Amino acid sequence: MEPLTEPEIRAAFVNCTKGEAKRLAVPRDLAQRPWADLDFLGWRDPQAPDRAYLVMRVAGVPRGVALRSPRPVRRGMCSMCLTTHSGGVPLMAARKAGAAGQQGNSVGTYICADLACSLYVRGKKDAGAGARFAESLTVTEKAERTVANVVAFLARVTD
Ligand SMILES: [Zn+2]
């Protein structure tokens, strides 16, 4: 993906108040991120381990979601990139955008704990033996599927 700047990232969040978006922890090493291999930028807040963030460009426009994983609910496979982790994948919840979110509604999904789906799909990060089931898809096709899954999740947050 095209690199994102900190102001772009802060302006991208669909389910945060302006104040929350201003305060949330944006990675300090943006220049060192492997942008060419990323379908989306995902990170956890080092000061608040139950908070995670995901930003991607949808038709060129940065869109971001703030996530929480307050409870240790886990299952084997990431819903975004379909990588299996022996230690499990956390359930992450996103407050819905707008009025629905203010009423306490959220949507959940299972995502790789380090949000490095793009790197697992490309074989740049190893999730361990048997982590990916044998598939005939190319890396490009797997990346496209991951993007489609994230876009679908974003749509569930904003609909
Ligand atoms: Zn994943």
# chains A, B, ... in the order shown; residues from 1 in each chain; ligands from 1
call {"tool": "residues_around", "arguments": {"residues": "stretch 14-29 of chain A", "least_positions_apart": "5", "cutoff": "7 Å", "atoms": "only C-alpha atoms", "output": "PyMOL selection string"}}
result
chain A and resi 6+45+63-66+95-98
call {"tool": "residues_near_ligand", "arguments": {"ligand": "ligand 1", "cutoff": "10 Å", "atoms": "only C-alpha atoms and all ligand atoms", "output": "list of chain:residue names"}}
result
A:Met77, A:Cys78, A:Ser79, A:Met80, A:Cys81, A:Leu82, A:Thr83, A:Thr84, A:His85, A:Val89, A:Tyr110, A:Ile111, A:Cys112, A:Ala113, A:Asp114, A:Leu115, A:Ala116, A:Cys117, A:Ser118, A:Leu119, A:Tyr120, A:Val121, A:Ala127, A:Thr146, A:Val150
call {"tool": "closest_residue", "arguments": {"among": "A:Thr158, A:Asn105, A:Ser69, A:Thr140", "to": "A:Leu38", "atoms": "only C-alpha atoms"}}
result
A:Thr140
call {"tool": "select_by_dssp", "arguments": {"residues": "chain A", "states": "helix (DSSP H, G or I)", "output": "number ranges by chain"}}
result
A: 6-12, 18-23, 30-32, 35-37, 98-102, 117-121, 139-158
call {"tool": "write_last_selection", "arguments": {"atoms": "C-alpha atoms", "output": "PDB file, in the first residue's frame"}}
result
ATOM      1  CA  GLU A   6       0.427  10.303  10.995  1.00  0.00           C
ATOM      2  CA  PRO A   7      -2.168  13.022  10.157  1.00  0.00           C
ATOM      3  CA  GLU A   8      -3.729  10.709   7.538  1.00  0.00           C
ATOM      4  CA  ILE A   9      -3.889   7.901  10.080  1.00  0.00           C
ATOM      5  CA  ARG A  10      -5.493  10.062  12.774  1.00  0.00           C
ATOM      6  CA  ALA A  11      -8.073  11.381  10.289  1.00  0.00           C
ATOM      7  CA  ALA A  12      -8.913   7.883   9.043  1.00  0.00           C
ATOM      8  CA  LYS A  18     -11.964  13.316  17.205  1.00  0.00           C
ATOM      9  CA  GLY A  19     -10.443  13.445  20.694  1.00  0.00           C
ATOM     10  CA  GLU A  20      -9.790   9.709  20.759  1.00  0.00           C
ATOM     11  CA  ALA A  21      -8.248   9.805  17.294  1.00  0.00           C
ATOM     12  CA  LYS A  22      -5.969  12.649  18.396  1.00  0.00           C
ATOM     13  CA  ARG A  23      -4.761  10.759  21.485  1.00  0.00           C
ATOM     14  CA  LEU A  30       6.057   4.662  10.139  1.00  0.00           C
ATOM     15  CA  ALA A  31       9.011   5.283   7.821  1.00  0.00           C
ATOM     16  CA  GLN A  32      10.374   1.799   8.570  1.00  0.00           C
ATOM     17  CA  TRP A  35       4.614  -0.657   3.108  1.00  0.00           C
ATOM     18  CA  ALA A  36       5.181  -2.533  -0.153  1.00  0.00           C
ATOM     19  CA  ASP A  37       4.163  -5.757   1.583  1.00  0.00           C
ATOM     20  CA  GLY A  98     -21.904   6.880  14.616  1.00  0.00           C
ATOM     21  CA  ALA A  99     -25.086   6.615  16.682  1.00  0.00           C
ATOM     22  CA  ALA A 100     -25.015   2.807  16.803  1.00  0.00           C
ATOM     23  CA  GLY A 101     -21.614   2.932  18.481  1.00  0.00           C
ATOM     24  CA  GLN A 102     -22.750   5.558  20.964  1.00  0.00           C
ATOM     25  CA  CYS A 117      -1.822 -10.611   8.202  1.00  0.00           C
ATOM     26  CA  SER A 118      -0.170  -9.103   5.116  1.00  0.00           C
ATOM     27  CA  LEU A 119       3.201 -10.598   6.061  1.00  0.00           C
ATOM     28  CA  TYR A 120       1.789 -14.050   6.865  1.00  0.00           C
ATOM     29  CA  VAL A 121       0.009 -14.122   3.502  1.00  0.00           C
ATOM     30  CA  VAL A 139       0.081 -14.740  -3.049  1.00  0.00           C
ATOM     31  CA  THR A 140      -1.694 -11.992  -4.983  1.00  0.00           C
ATOM     32  CA  GLU A 141      -4.995 -13.833  -4.756  1.00  0.00           C
ATOM     33  CA  LYS A 142      -4.524 -14.423  -1.031  1.00  0.00           C
ATOM     34  CA  ALA A 143      -3.690 -10.744  -0.523  1.00  0.00           C
ATOM     35  CA  GLU A 144      -6.790  -9.752  -2.487  1.00  0.00           C
ATOM     36  CA  ARG A 145      -8.885 -12.055  -0.322  1.00  0.00           C
ATOM     37  CA  THR A 146      -7.418 -10.496   2.837  1.00  0.00           C
ATOM     38  CA  VAL A 147      -8.228  -7.013   1.522  1.00  0.00           C
ATOM     39  CA  ALA A 148     -11.783  -8.129   0.696  1.00  0.00           C
ATOM     40  CA  ASN A 149     -12.195  -9.517   4.222  1.00  0.00           C
ATOM     41  CA  VAL A 150     -10.943  -6.280   5.816  1.00  0.00           C
ATOM     42  CA  VAL A 151     -13.166  -4.169   3.555  1.00  0.00           C
ATOM     43  CA  ALA A 152     -16.151  -6.331   4.526  1.00  0.00           C
ATOM     44  CA  PHE A 153     -15.277  -5.873   8.200  1.00  0.00           C
ATOM     45  CA  LEU A 154     -14.999  -2.084   7.732  1.00  0.00           C
ATOM     46  CA  ALA A 155     -18.441  -2.150   6.119  1.00  0.00           C
ATOM     47  CA  ARG A 156     -19.851  -3.959   9.183  1.00  0.00           C
ATOM     48  CA  VAL A 157     -18.396  -1.206  11.414  1.00  0.00           C
ATOM     49  CA  THR A 158     -19.834   1.649   9.347  1.00  0.00           C
TER      50      THR A 158
END
call {"tool": "closest_residue", "arguments": {"among": "A:Arg74, A:Gly123, A:Leu67, A:Glu2", "to": "A:Trp43", "atoms": "only C-alpha atoms"}}
result
A:Leu67
call {"tool": "residues_around", "arguments": {"residues": "A:Arg57", "least_positions_apart": "4", "cutoff": "8 Å", "atoms": "only C-alpha atoms", "output": "list in words"}}
result
Met1, Phe40, Val61, Pro62 and Arg63 of chain A
call {"tool": "atom_distance", "arguments": {"atom1": "atom CA of A:Gly60", "atom2": "atom CA of A:Pro3"}}
result
11.1 Å
call {"tool": "closest_residue", "arguments": {"among": "A:Thr5, A:Gln103, A:Ser86, A:Thr109", "to": "A:Gly128", "atoms": "only C-alpha atoms"}}
result
A:Ser86
call {"tool": "select_by_dssp", "arguments": {"residues": "stretch 23-107 of chain A", "states": "strand (DSSP E or B)", "output": "ChimeraX atom specification"}}
result
/A:41-45,48-58,61-68,74-77,84-95,106-107
call {"tool": "atom_distance", "arguments": {"atom1": "atom CA of A:Asp50", "atom2": "atom CA of A:Arg68"}}
result
5.5 Å
call {"tool": "atom_distance", "arguments": {"atom1": "atom CA of A:Val107", "atom2": "atom CA of A:Gly76"}}
result
18.9 Å
call {"tool": "closest_residue", "arguments": {"among": "A:Ala59, A:Met92, A:Arg51, A:Gly104", "to": "A:Arg75", "atoms": "only C-alpha atoms"}}
result
A:Met92
